[in-house]
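Enquirer: To be precise about what I am sending: the file is called input.cif and holds mmCIF, C-alpha atoms.
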data_upload
loop_
_atom_site.label_atom_id
_atom_site.label_comp_id
_atom_site.auth_asym_id
_atom_site.auth_seq_id
_atom_site.Cartn_x
_atom_site.Cartn_y
_atom_site.Cartn_z
CA MET A 1 -101.49 93.66 72.08
CA ASN A 2 -102.47 97.35 72.24
CA ASN A 3 -104.91 96.71 75.07
CA ASP A 4 -102.05 94.90 76.80
CA ILE A 5 -100.06 98.15 76.70
CA PHE A 6 -102.99 100.04 78.16
CA SER A 7 -103.30 97.44 80.92
CA LEU A 8 -99.56 97.69 81.56
CA MET A 9 -99.89 101.46 81.97
CA LEU A 10 -102.72 101.00 84.47
CA SER A 11 -100.72 98.38 86.35
CA GLN A 12 -98.13 101.01 87.29
CA HIS A 13 -100.63 102.21 89.91
CA ALA A 14 -101.61 100.58 93.20
CA ILE A 15 -105.41 100.53 92.83
CA HIS A 16 -107.30 99.77 96.06
CA ASP A 17 -110.74 101.26 95.42
CA GLU A 18 -112.92 103.04 92.86
CA LEU A 19 -111.29 106.41 93.55
CA GLY A 20 -107.87 104.88 93.01
CA LYS A 21 -109.05 103.35 89.75
CA ARG A 22 -110.42 106.71 88.59
CA ASN A 23 -107.16 108.49 89.38
CA ALA A 24 -105.14 105.79 87.63
CA LEU A 25 -107.33 106.09 84.53
CA TYR A 26 -106.84 109.85 84.50
CA GLU A 27 -103.08 109.51 84.65
CA THR A 28 -102.98 106.82 81.97
CA MET A 29 -105.11 108.93 79.64
CA GLN A 30 -102.93 111.96 80.29
CA GLN A 31 -99.94 109.94 79.10
CA VAL A 32 -101.90 108.91 76.01
CA ALA A 33 -102.64 112.57 75.28
CA LEU A 34 -98.96 113.47 75.67
CA ALA A 35 -98.02 110.66 73.30
CA GLY A 36 -100.41 111.97 70.67
CA LEU A 37 -99.11 115.52 71.06
CA TYR A 38 -95.56 114.25 70.69
CA ARG A 39 -96.47 112.41 67.49
CA GLY A 40 -97.82 115.66 66.10
CA GLY A 41 -94.70 117.69 66.93
CA PHE A 42 -96.50 119.81 69.53
CA PHE A 43 -93.51 120.05 71.87
CA LYS A 44 -91.41 121.79 69.25
CA GLN A 45 -93.37 124.94 70.06
CA ALA A 46 -95.02 124.31 73.42
CA ALA A 47 -94.17 123.12 76.93
CA PHE A 48 -96.00 121.25 79.69
CA TYR A 49 -96.42 122.74 83.17
CA GLY A 50 -98.69 122.62 86.23
CA GLY A 51 -99.63 119.95 88.76
CA THR A 52 -100.04 117.14 86.23
CA CYS A 53 -96.56 117.83 84.88
CA LEU A 54 -95.22 117.67 88.43
CA ARG A 55 -97.07 114.40 89.05
CA LEU A 56 -95.99 112.62 85.86
CA PHE A 57 -92.36 113.74 85.76
CA HIS A 58 -91.35 114.50 89.35
CA ASN A 59 -93.38 111.96 91.38
CA LEU A 60 -95.67 114.44 93.12
CA GLY A 61 -97.64 112.49 95.72
CA ARG A 62 -101.08 113.60 94.56
CA TYR A 63 -103.07 112.91 91.43
CA SER A 64 -104.00 115.73 89.09
CA GLU A 65 -106.78 116.05 86.50
CA ASP A 66 -106.10 119.00 84.20
CA MET A 67 -103.28 119.51 81.70
CA ASP A 68 -101.65 122.93 81.27
CA PHE A 69 -99.45 123.96 78.36
CA THR A 70 -97.70 127.14 77.34
CA MET A 71 -96.29 128.21 74.02
CA ILE A 72 -92.55 128.85 74.33
CA ARG A 73 -92.99 132.08 72.34
CA LYS A 74 -95.89 134.48 72.12
CA THR A 75 -97.97 133.62 69.07
CA GLN A 76 -101.18 134.71 67.40
CA ASP A 77 -101.25 131.87 64.88
CA PHE A 78 -101.67 128.61 66.78
CA HIS A 79 -104.37 126.04 66.21
CA PHE A 80 -104.58 123.23 68.74
CA GLU A 81 -107.18 121.60 66.50
CA ASP A 82 -104.29 120.58 64.22
CA TYR A 83 -103.23 118.10 66.90
CA PHE A 84 -106.63 116.48 67.47
CA PRO A 85 -106.05 113.68 64.92
CA TYR A 86 -102.81 112.62 66.64
CA ILE A 87 -104.44 112.35 70.07
CA VAL A 88 -107.41 110.47 68.60
CA ALA A 89 -105.14 108.08 66.69
CA GLU A 90 -103.00 107.36 69.75
CA ALA A 91 -106.06 106.64 71.87
CA GLU A 92 -107.61 104.43 69.22
CA ALA A 93 -104.36 102.46 68.96
CA LEU A 94 -104.86 101.56 72.63
CA GLY A 95 -108.54 100.68 72.19
CA ARG A 96 -109.90 103.99 73.50
CA MET A 97 -112.23 106.49 71.85
CA VAL A 98 -111.97 110.22 72.48
CA GLU A 99 -113.80 113.45 71.72
CA ILE A 100 -112.04 116.83 71.84
CA LYS A 101 -113.99 120.07 71.94
CA LYS A 102 -112.98 123.67 72.43
CA LYS A 103 -114.81 125.32 75.31
CA ASP A 104 -116.71 128.56 74.83
CA LYS A 105 -115.40 131.05 77.39
CA VAL A 106 -118.73 132.88 77.33
CA ASN A 107 -120.22 129.93 79.19
CA PHE A 108 -117.48 129.64 81.81
CA GLY A 109 -118.54 129.86 85.43
CA ARG A 110 -117.00 132.49 87.68
CA VAL A 111 -114.67 130.02 89.35
CA GLU A 112 -113.43 128.59 86.08
CA SER A 113 -112.85 131.94 84.39
CA ALA A 114 -111.36 133.82 87.33
CA PHE A 115 -107.80 132.71 86.64
CA LEU A 116 -107.77 132.55 82.83
CA LYS A 117 -106.23 135.11 80.50
CA ASP A 118 -107.98 136.06 77.28
CA THR A 119 -105.14 134.32 75.43
CA THR A 120 -105.73 130.98 77.16
CA ASP A 121 -107.60 128.44 75.04
CA VAL A 122 -109.45 125.66 76.86
CA TYR A 123 -110.42 122.24 75.54
CA ASN A 124 -112.22 119.23 76.94
CA LEU A 125 -110.67 115.87 76.14
CA LYS A 126 -113.36 113.27 76.81
CA PHE A 127 -112.50 109.58 76.73
CA THR A 128 -115.84 108.09 75.73
CA THR A 129 -114.70 104.52 76.43
CA GLU A 130 -114.62 105.57 80.10
CA LYS A 131 -117.88 107.52 80.31
CA THR A 132 -117.00 109.74 83.27
CA LEU A 133 -113.44 110.65 82.26
CA LYS A 134 -112.90 114.21 81.02
CA ILE A 135 -109.60 116.09 81.03
CA LYS A 136 -109.49 119.87 80.73
CA ILE A 137 -106.60 121.17 78.63
CA GLU A 138 -105.49 124.80 78.85
CA ILE A 139 -103.01 126.38 76.43
CA ASP A 140 -101.61 129.88 76.92
CA THR A 141 -100.78 131.22 73.46
CA ASN A 142 -99.44 134.56 74.74
CA PRO A 143 -97.60 133.48 77.87
CA PRO A 144 -95.43 135.34 80.35
CA LEU A 145 -91.89 134.44 79.36
CA GLY A 146 -88.64 134.29 81.27
CA PHE A 147 -88.82 130.55 81.89
CA ASP A 148 -86.51 127.63 81.09
CA THR A 149 -87.52 124.22 79.75
CA GLU A 150 -86.11 120.72 79.64
CA GLU A 151 -87.00 117.53 77.78
CA LEU A 152 -88.09 114.66 80.05
CA LEU A 153 -88.59 111.00 79.20
CA VAL A 154 -91.85 109.03 79.05
CA THR A 155 -91.58 105.26 78.43
CA LEU A 156 -95.26 104.30 77.94
CA PRO A 157 -97.17 103.80 75.68
CA PHE A 158 -93.81 104.13 73.90
CA SER A 159 -90.61 106.04 74.61
CA PHE A 160 -90.61 109.77 73.84
CA ARG A 161 -89.65 113.10 75.40
CA VAL A 162 -91.86 115.96 76.54
CA ARG A 163 -90.71 119.56 76.79
CA CYS A 164 -91.51 120.76 80.34
CA LEU A 165 -90.85 123.88 82.37
CA THR A 166 -87.98 123.33 84.81
CA LEU A 167 -88.76 123.00 88.50
CA PRO A 168 -87.94 126.62 89.55
CA ASN A 169 -90.37 127.83 86.89
CA LEU A 170 -93.03 125.28 87.78
CA PHE A 171 -92.69 126.55 91.35
CA ALA A 172 -93.22 130.12 90.13
CA GLY A 173 -96.43 129.15 88.36
CA LYS A 174 -97.71 127.40 91.47
CA MET A 175 -97.00 130.33 93.76
CA HIS A 176 -98.76 132.67 91.38
CA ALA A 177 -101.82 130.40 91.55
CA LEU A 178 -101.70 129.98 95.33
CA VAL A 179 -101.66 133.71 96.03
CA PHE A 180 -103.75 135.17 93.22
CA ARG A 181 -106.27 132.47 92.29
CA GLN A 182 -109.77 133.60 93.29
CA TRP A 183 -111.88 130.60 94.30
CA LYS A 184 -114.64 132.38 96.20
CA THR A 185 -115.99 129.72 98.58
CA ARG A 186 -113.81 126.90 97.25
CA VAL A 187 -110.16 126.69 98.25
CA LYS A 188 -107.81 124.79 95.98
CA GLY A 189 -105.84 122.82 98.57
CA ARG A 190 -103.88 121.15 95.80
CA ASP A 191 -101.93 124.41 95.44
CA TRP A 192 -100.97 124.14 99.10
CA TYR A 193 -99.94 120.49 98.72
CA ASP A 194 -97.65 121.40 95.83
CA PHE A 195 -96.20 124.38 97.71
CA GLU A 196 -95.21 122.07 100.57
CA TRP A 197 -93.66 119.65 98.04
CA TYR A 198 -91.42 122.32 96.51
CA VAL A 199 -90.21 123.73 99.83
CA ARG A 200 -89.48 120.31 101.34
CA ARG A 201 -87.32 119.49 98.31
CA ASN A 202 -85.43 122.79 98.39
CA VAL A 203 -86.54 123.73 94.88
CA PRO A 204 -85.56 127.37 94.25
CA LEU A 205 -88.34 129.73 93.16
CA ASN A 206 -87.67 131.72 89.97
CA TRP A 207 -88.66 135.25 91.00
CA ASN A 208 -88.16 136.76 87.54
CA HIS A 209 -90.70 134.41 85.97
CA LEU A 210 -93.10 134.77 88.90
CA HIS A 211 -92.87 138.57 88.68
CA GLN A 212 -93.59 138.43 84.95
CA ARG A 213 -96.58 136.14 85.49
CA ILE A 214 -98.08 138.40 88.15
CA TYR A 215 -97.63 141.50 85.99
CA GLU A 216 -99.18 139.98 82.87
CA PHE A 217 -102.14 138.46 84.72
CA THR A 218 -102.92 141.31 87.13
CA GLY A 219 -101.03 144.38 85.93
CA GLN A 220 -99.35 144.64 89.33
CA ASP A 221 -95.63 145.44 89.31
CA ILE A 222 -94.99 144.22 92.84
CA SER A 223 -91.73 143.71 94.68
CA ARG A 224 -90.60 140.42 96.16
CA ASP A 225 -91.31 141.75 99.65
CA GLU A 226 -94.85 142.70 98.62
CA PHE A 227 -95.39 139.24 97.17
CA GLN A 228 -94.12 137.60 100.36
CA GLU A 229 -96.53 139.68 102.41
CA ALA A 230 -99.44 138.68 100.14
CA LEU A 231 -98.38 135.04 100.50
CA ARG A 232 -98.26 135.25 104.28
CA GLN A 233 -101.69 136.86 104.31
CA ARG A 234 -103.15 134.04 102.20
CA LEU A 235 -101.51 131.35 104.34
CA ALA A 236 -102.56 132.92 107.63
CA THR A 237 -106.22 133.56 106.85
CA THR A 238 -107.38 130.58 104.77
CA ASN A 239 -109.40 127.90 106.58
CA ILE A 240 -107.02 124.94 106.80
CA ASP A 241 -109.90 122.44 106.98
CA ASP A 242 -111.11 123.69 103.59
CA VAL A 243 -107.58 123.26 102.25
CA LYS A 244 -107.42 119.65 103.45
CA ARG A 245 -110.91 118.86 102.17
CA ASP A 246 -110.00 119.83 98.63
CA VAL A 247 -106.83 117.77 98.38
CA LEU A 248 -108.05 114.57 100.09
CA PRO A 249 -109.57 112.93 96.96
CA PHE A 250 -106.21 113.21 95.20
CA ILE A 251 -103.94 111.50 97.73
CA ALA A 252 -103.62 107.90 98.85
CA ASN A 253 -102.68 108.55 102.50
CA PRO A 254 -104.78 111.14 104.39
CA ARG A 255 -102.26 111.11 107.25
CA GLU A 256 -99.97 113.21 105.04
CA LEU A 257 -102.13 116.14 106.10
CA ASP A 258 -102.11 115.52 109.86
CA PHE A 259 -99.39 118.08 110.50
CA TRP A 260 -100.95 120.80 108.38
CA SER A 261 -101.83 124.11 110.03
CA ASN A 262 -101.70 127.77 109.07
CA GLU A 263 -98.63 128.15 111.28
CA TYR A 264 -96.88 125.28 109.51
CA PHE A 265 -97.38 126.85 106.08
CA LEU A 266 -96.20 130.23 107.33
CA GLU A 267 -92.99 128.55 108.47
CA LEU A 268 -92.64 126.91 105.05
CA ALA A 269 -92.98 130.35 103.45
CA SER A 270 -90.00 131.56 105.49
CA ARG A 271 -87.92 128.73 104.02
CA ILE A 272 -88.45 129.52 100.33
CA GLN A 273 -85.19 129.65 98.39
CA TRP A 274 -85.15 132.27 95.63
CA LYS A 275 -83.62 132.15 92.16
CA ASP A 276 -83.12 135.53 90.50
#
Please go through the file and, once you have read it, give me the structure as structure tokens.
Expert:
Amino acid sequence: MNNDIFSLMLSQHAIHDELGKRNALYETMQQVALAGLYRGGFFKQAAFYGGTCLRLFHNLGRYSEDMDFTMIRKTQDFHFEDYFPYIVAEAEALGRMVEIKKKDKVNFGRVESAFLKDTTDVYNLKFTTEKTLKIKIEIDTNPPLGFDTEELLVTLPFSFRVRCLTLPNLFAGKMHALVFRQWKTRVKGRDWYDFEWYVRRNVPLNWNHLHQRIYEFTGQDISRDEFQEALRQRLATTNIDDVKRDVLPFIANPRELDFWSNEYFLELASRIQWKD
């Protein structure tokens, strides 16, 4: 019966090839992790955000691998290890085995560490039943505040609600990443994909939360005009082929990117709606 539920969760995806199967497995396991965290009461003190949140709850057209969480209040006494047993138990109930390990920041590569605060804890959630499946979980225990949350419904593997940042605040987090993430020779085109998604859906951007995020991560107390100029600079100078190359493995239809150009994204930037 439990494996039937797991199969039902996988069947929600149109799987046409090995890449599609891999992405579907990722998403199914992410839902399993959320279910375990819910069982443990995690969302009483934390909220879900980032690309995976956008994918699972707002039908973002691309798949996403990592899971990002933020405490809803700054805290120095939080232990994610307390929730390990709930995730393990939920996975085992569906016939899956998992290992969860905290990552040592000393061993992070430059790319991985370039956008992490000292107060961000990172864990690897490895589903050993599927040998190649590993989900990185990041939790900011001393987050920039000024955001709103809402509780959104999940119906599989059972019905429960997850506390998530609202869309204007998710948008703020994405714009912070797009402009300030330092990827050296690797561009994260997924940030660009999400940016397009928000603008096309007229989601307002919460400037207060974005401003707070920028200040706490970089120490820069910039104005909205200064941010917009930094955004335009990033959009104008990044190699658009590199942007497309990064996002292609995460989308089903490559033709979604046919219209992409630096000029197109600059026009999108001019259409941002702001929420003060």
Enquirer: Mind telling me what the PyMOL selection byres ((chain A and resi 53) around 10) catches here, as a VMD selection string?
Expert: chain A and resid 30 47 to 52 54 to 60 64 66 to 69 162 164 to 165 170
Enquirer: Applying 7 Å and only C-alpha atoms, which residues near segment 86-89 of chain A remain after dropping the ones on its own chain fewer than 2 positions away? List them as a list in words.
Expert: Ala33, Gly36, Leu37, Arg39, Gly40, Tyr83, Phe84, Ala91, Glu92, Ala93 and Val98 of chain A
Enquirer: May I have the residues within 7 Å of segment 262-270 of chain A as a ChimeraX atom specification, using only C-alpha atoms and disregarding those fewer than 6 positions away in the same chain?
Expert: /A:199,232,235-236,240
Enquirer: Could you pull the residues within 12 Å of Ala230 of chain A, counting only C-alpha atoms, minus those fewer than 2 positions along the same chain, as a ChimeraX atom specification?
Expert: /A:175-176,178-180,222-228,232-237,266,269
Enquirer: Please determine, counting only C-alpha atoms, which residue among A:Gly219, A:Gly189, A:Pro168, A:Pro204 has the shortest atom-to-atom distance to Asn239 of chain A.
Expert: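 The answer is A:Gly189, which sits nearest to Asn239 of chain A.
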Enquirer: When you count only C-alpha atoms, which of these residues is closest to Pro249 of chain A: A:Tyr63, A:Phe6, A:Tyr123, A:Tyr26?
Expert: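 Ranking A:Tyr63, A:Phe6, A:Tyr123, A:Tyr26 by distance to Pro249 of chain A, first place goes to A:Tyr63.
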Enquirer: Expanded to explicit residues, what is the PyMOL selection byres ((chain A and resi 130-143) around 9) for this file, as a VMD selection string?
Expert: chain A and resid 22 25 to 26 29 to 30 46 65 to 78 80 96 to 97 116 to 129 144 to 145 213 216
Enquirer: Go ahead and save the residues from that selection, with C-alpha atoms, as a tab-separated table (two decimals), in the frame of the given file.
Expert:
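Result written to out-v8.tsv:
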chain	number	residue	atom	x	y	z
A	22	ARG	CA	-110.42	106.71	88.59
A	25	LEU	CA	-107.33	106.09	84.53
A	26	TYR	CA	-106.84	109.85	84.50
A	29	MET	CA	-105.11	108.93	79.64
A	30	GLN	CA	-102.93	111.96	80.29
A	46	ALA	CA	-95.02	124.31	73.42
A	65	GLU	CA	-106.78	116.05	86.50
A	66	ASP	CA	-106.10	119.00	84.20
A	67	MET	CA	-103.28	119.51	81.70
A	68	ASP	CA	-101.65	122.93	81.27
A	69	PHE	CA	-99.45	123.96	78.36
A	70	THR	CA	-97.70	127.14	77.34
A	71	MET	CA	-96.29	128.21	74.02
A	72	ILE	CA	-92.55	128.85	74.33
A	73	ARG	CA	-92.99	132.08	72.34
A	74	LYS	CA	-95.89	134.48	72.12
A	75	THR	CA	-97.97	133.62	69.07
A	76	GLN	CA	-101.18	134.71	67.40
A	77	ASP	CA	-101.25	131.87	64.88
A	78	PHE	CA	-101.67	128.61	66.78
A	80	PHE	CA	-104.58	123.23	68.74
A	96	ARG	CA	-109.90	103.99	73.50
A	97	MET	CA	-112.23	106.49	71.85
A	116	LEU	CA	-107.77	132.55	82.83
A	117	LYS	CA	-106.23	135.11	80.50
A	118	ASP	CA	-107.98	136.06	77.28
A	119	THR	CA	-105.14	134.32	75.43
A	120	THR	CA	-105.73	130.98	77.16
A	121	ASP	CA	-107.60	128.44	75.04
A	122	VAL	CA	-109.45	125.66	76.86
A	123	TYR	CA	-110.42	122.24	75.54
A	124	ASN	CA	-112.22	119.23	76.94
A	125	LEU	CA	-110.67	115.87	76.14
A	126	LYS	CA	-113.36	113.27	76.81
A	127	PHE	CA	-112.50	109.58	76.73
A	128	THR	CA	-115.84	108.09	75.73
A	129	THR	CA	-114.70	104.52	76.43
A	144	PRO	CA	-95.43	135.34	80.35
A	145	LEU	CA	-91.89	134.44	79.36
A	213	ARG	CA	-96.58	136.14	85.49
A	216	GLU	CA	-99.18	139.98	82.87
Enquirer: What residues come out when you apply the PyMOL selection byres ((chain A and resi 276) around 8) to this file, written as a PyMOL selection string?
Expert: chain A and resi 206-208+274-275
Enquirer: Write the residues you've just listed into a file as a PDB file, in the coordinates of the input, and include C-alpha atoms for each of them.
Expert:
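The file below, again18.pdb, is the result:
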ATOM      1  CA  ASN A 206     -87.670 131.720  89.970  1.00  0.00           C
ATOM      2  CA  TRP A 207     -88.660 135.250  91.000  1.00  0.00           C
ATOM      3  CA  ASN A 208     -88.160 136.760  87.540  1.00  0.00           C
ATOM      4  CA  TRP A 274     -85.150 132.270  95.630  1.00  0.00           C
ATOM      5  CA  LYS A 275     -83.620 132.150  92.160  1.00  0.00           C
TER       6      LYS A 275
END
Enquirer: With a distance cut-off of 10 Å and only C-alpha atoms, select the neighbouring residues of Val187 of chain A, excluding the residue or stretch itself and same-chain residues fewer than 2 positions from it, and output the selection as an mmCIF file with C-alpha atoms, in the frame of the given file.
Expert:
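Final output, out_25.cif:
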data_model
loop_
_atom_site.group_PDB
_atom_site.id
_atom_site.type_symbol
_atom_site.label_atom_id
_atom_site.label_comp_id
_atom_site.auth_asym_id
_atom_site.auth_seq_id
_atom_site.Cartn_x
_atom_site.Cartn_y
_atom_site.Cartn_z
ATOM 1 C CA LEU A 178 -101.700 129.980 95.330
ATOM 2 C CA ARG A 181 -106.270 132.470 92.290
ATOM 3 C CA GLN A 182 -109.770 133.600 93.290
ATOM 4 C CA TRP A 183 -111.880 130.600 94.300
ATOM 5 C CA LYS A 184 -114.640 132.380 96.200
ATOM 6 C CA THR A 185 -115.990 129.720 98.580
ATOM 7 C CA GLY A 189 -105.840 122.820 98.570
ATOM 8 C CA ARG A 190 -103.880 121.150 95.800
ATOM 9 C CA ASP A 191 -101.930 124.410 95.440
ATOM 10 C CA TRP A 192 -100.970 124.140 99.100
ATOM 11 C CA THR A 238 -107.380 130.580 104.770
ATOM 12 C CA ASN A 239 -109.400 127.900 106.580
ATOM 13 C CA ILE A 240 -107.020 124.940 106.800
ATOM 14 C CA ASP A 241 -109.900 122.440 106.980
ATOM 15 C CA ASP A 242 -111.110 123.690 103.590
ATOM 16 C CA VAL A 243 -107.580 123.260 102.250
ATOM 17 C CA LYS A 244 -107.420 119.650 103.450
ATOM 18 C CA ARG A 245 -110.910 118.860 102.170
ATOM 19 C CA ASP A 246 -110.000 119.830 98.630
ATOM 20 C CA VAL A 247 -106.830 117.770 98.380
#
Enquirer: Between atom CA of Val154 of chain A and atom CA of Glu256 of chain A, what is the distance in Å, rounded to a tenth?
Expert: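 Atom CA of Glu256 of chain A lies at a distance of 27.5 Å from atom CA of Val154 of chain A.
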Enquirer: One decimal, Å: what's the distance from atom CA of Gln31 of chain A over to atom CA of Met9 of chain A, could you say?
Expert: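 Between these atoms lies a distance of 9.0 Å.
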Enquirer: Measuring between only C-alpha atoms, which one of A:Arg62, A:Gly95, A:Leu231, A:Asp221 shows the shortest distance to Trp197 of chain A?
Expert: A:Arg62
Enquirer: Mind working out the centre and edge lengths of an axis-aligned box for segment 74-81 of chain A, all listed atoms inside, 4 Å added to each side, rounded to one decimal in Å and written as JSON?
Expert:
{"center_x": -101.5, "center_y": 128.2, "center_z": 68.5, "size_x": 19.3, "size_y": 21.1, "size_z": 15.2}
Enquirer: Which residue, A:Leu210, A:Leu156, A:Ile251, A:Ile272, has the smallest gap to Phe195 of chain A when you use all atoms listed in the file?
Expert: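 Closest candidate: A:Ile272.
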Enquirer: Tell me which protein, DNA and RNA residues are within 7 Å of Thr166 of chain A, counting all atoms listed in the file, leaving out same-chain ones fewer than 6 positions away, and put them as a PDB file with C-alpha atoms, in the coordinates of the input.
Expert:
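Writing the result to result34.pdb gives the following:
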ATOM      1  CA  ASP A 148     -86.510 127.630  81.090  1.00  0.00           C
ATOM      2  CA  THR A 149     -87.520 124.220  79.750  1.00  0.00           C
ATOM      3  CA  GLU A 150     -86.110 120.720  79.640  1.00  0.00           C
TER       4      GLU A 150
END
Enquirer: From the options A:Phe217, A:Ala252, A:Ile5, A:Leu152, which residue's atoms come nearest to Lys21 of chain A, counting only C-alpha atoms?
Expert: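 Looking at the shortest contact to Lys21 of chain A, the residue is A:Ala252.
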Enquirer: What gap, in Å, lies between atom CA of His16 of chain A and atom CA of Thr28 of chain A?
Expert: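 Between these atoms lies a distance of 16.3 Å.
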Enquirer: Which of these residues is nearest to Gly146 of chain A, using all atoms listed in the file: A:Gly173, A:Phe158, A:Tyr198, A:Asp82?
Expert: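 Of A:Gly173, A:Phe158, A:Tyr198, A:Asp82, the one nearest Gly146 of chain A, counting all atoms listed in the file, is A:Gly173.
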Enquirer: For segment 48-112 of chain A of the block above, can you save C-alpha atoms as a PDB file, in the first residue's frame?
Expert:
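The file below, result-v4.pdb, is the result:
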ATOM      1  CA  PHE A  48       9.862  27.241   3.089  1.00  0.00           C
ATOM      2  CA  TYR A  49      11.178  29.477   0.307  1.00  0.00           C
ATOM      3  CA  GLY A  50      13.242  29.373  -2.903  1.00  0.00           C
ATOM      4  CA  GLY A  51      12.816  27.722  -6.291  1.00  0.00           C
ATOM      5  CA  THR A  52      11.586  24.387  -4.953  1.00  0.00           C
ATOM      6  CA  CYS A  53       8.879  26.159  -2.970  1.00  0.00           C
ATOM      7  CA  LEU A  54       7.855  27.988  -6.138  1.00  0.00           C
ATOM      8  CA  ARG A  55       7.802  24.726  -8.086  1.00  0.00           C
ATOM      9  CA  LEU A  56       5.786  22.693  -5.576  1.00  0.00           C
ATOM     10  CA  PHE A  57       3.241  25.338  -4.587  1.00  0.00           C
ATOM     11  CA  HIS A  58       2.969  27.742  -7.519  1.00  0.00           C
ATOM     12  CA  ASN A  59       3.520  25.482 -10.561  1.00  0.00           C
ATOM     13  CA  LEU A  60       6.847  26.930 -11.656  1.00  0.00           C
ATOM     14  CA  GLY A  61       7.684  25.368 -15.022  1.00  0.00           C
ATOM     15  CA  ARG A  62      11.137  24.118 -14.055  1.00  0.00           C
ATOM     16  CA  TYR A  63      12.312  21.442 -11.658  1.00  0.00           C
ATOM     17  CA  SER A  64      14.421  22.358  -8.657  1.00  0.00           C
ATOM     18  CA  GLU A  65      16.818  20.285  -6.540  1.00  0.00           C
ATOM     19  CA  ASP A  66      17.624  22.110  -3.299  1.00  0.00           C
ATOM     20  CA  MET A  67      15.318  22.996  -0.404  1.00  0.00           C
ATOM     21  CA  ASP A  68      15.658  26.343   1.399  1.00  0.00           C
ATOM     22  CA  PHE A  69      14.133  27.183   4.761  1.00  0.00           C
ATOM     23  CA  THR A  70      14.203  30.192   7.043  1.00  0.00           C
ATOM     24  CA  MET A  71      13.358  30.525  10.692  1.00  0.00           C
ATOM     25  CA  ILE A  72      10.498  32.991  11.160  1.00  0.00           C
ATOM     26  CA  ARG A  73      12.415  34.598  14.039  1.00  0.00           C
ATOM     27  CA  LYS A  74      16.119  34.971  14.649  1.00  0.00           C
ATOM     28  CA  THR A  75      17.288  32.147  16.901  1.00  0.00           C
ATOM     29  CA  GLN A  76      20.504  30.804  18.366  1.00  0.00           C
ATOM     30  CA  ASP A  77      18.964  27.617  19.729  1.00  0.00           C
ATOM     31  CA  PHE A  78      17.763  25.536  16.794  1.00  0.00           C
ATOM     32  CA  HIS A  79      18.730  21.958  16.064  1.00  0.00           C
ATOM     33  CA  PHE A  80      17.609  20.560  12.730  1.00  0.00           C
ATOM     34  CA  GLU A  81      18.878  17.173  13.890  1.00  0.00           C
ATOM     35  CA  ASP A  82      15.749  16.968  16.071  1.00  0.00           C
ATOM     36  CA  TYR A  83      13.717  16.515  12.878  1.00  0.00           C
ATOM     37  CA  PHE A  84      15.838  13.761  11.323  1.00  0.00           C
ATOM     38  CA  PRO A  85      13.760  10.913  12.818  1.00  0.00           C
ATOM     39  CA  TYR A  86      10.539  12.310  11.325  1.00  0.00           C
ATOM     40  CA  ILE A  87      11.992  12.534   7.811  1.00  0.00           C
ATOM     41  CA  VAL A  88      13.494   9.050   8.108  1.00  0.00           C
ATOM     42  CA  ALA A  89      10.218   7.593   9.395  1.00  0.00           C
ATOM     43  CA  GLU A  90       8.181   9.199   6.614  1.00  0.00           C
ATOM     44  CA  ALA A  91      10.561   7.889   3.960  1.00  0.00           C
ATOM     45  CA  GLU A  92      10.601   4.405   5.453  1.00  0.00           C
ATOM     46  CA  ALA A  93       6.791   4.370   5.483  1.00  0.00           C
ATOM     47  CA  LEU A  94       6.969   4.756   1.694  1.00  0.00           C
ATOM     48  CA  GLY A  95       9.643   2.078   1.280  1.00  0.00           C
ATOM     49  CA  ARG A  96      12.583   4.491   0.998  1.00  0.00           C
ATOM     50  CA  MET A  97      15.764   4.707   3.050  1.00  0.00           C
ATOM     51  CA  VAL A  98      17.489   8.009   3.769  1.00  0.00           C
ATOM     52  CA  GLU A  99      20.665   9.371   5.314  1.00  0.00           C
ATOM     53  CA  ILE A 100      20.901  12.947   6.611  1.00  0.00           C
ATOM     54  CA  LYS A 101      24.238  14.570   7.339  1.00  0.00           C
ATOM     55  CA  LYS A 102      25.246  18.087   8.256  1.00  0.00           C
ATOM     56  CA  LYS A 103      27.816  19.532   5.880  1.00  0.00           C
ATOM     57  CA  ASP A 104      31.081  20.968   7.157  1.00  0.00           C
ATOM     58  CA  LYS A 105      31.379  24.520   5.812  1.00  0.00           C
ATOM     59  CA  VAL A 106      35.164  24.287   6.017  1.00  0.00           C
ATOM     60  CA  ASN A 107      35.030  21.903   3.069  1.00  0.00           C
ATOM     61  CA  PHE A 108      32.682  23.987   0.922  1.00  0.00           C
ATOM     62  CA  GLY A 109      33.919  24.957  -2.510  1.00  0.00           C
ATOM     63  CA  ARG A 110      34.068  28.609  -3.490  1.00  0.00           C
ATOM     64  CA  VAL A 111      30.896  28.429  -5.555  1.00  0.00           C
ATOM     65  CA  GLU A 112      28.922  26.723  -2.825  1.00  0.00           C
TER      66      GLU A 112
END
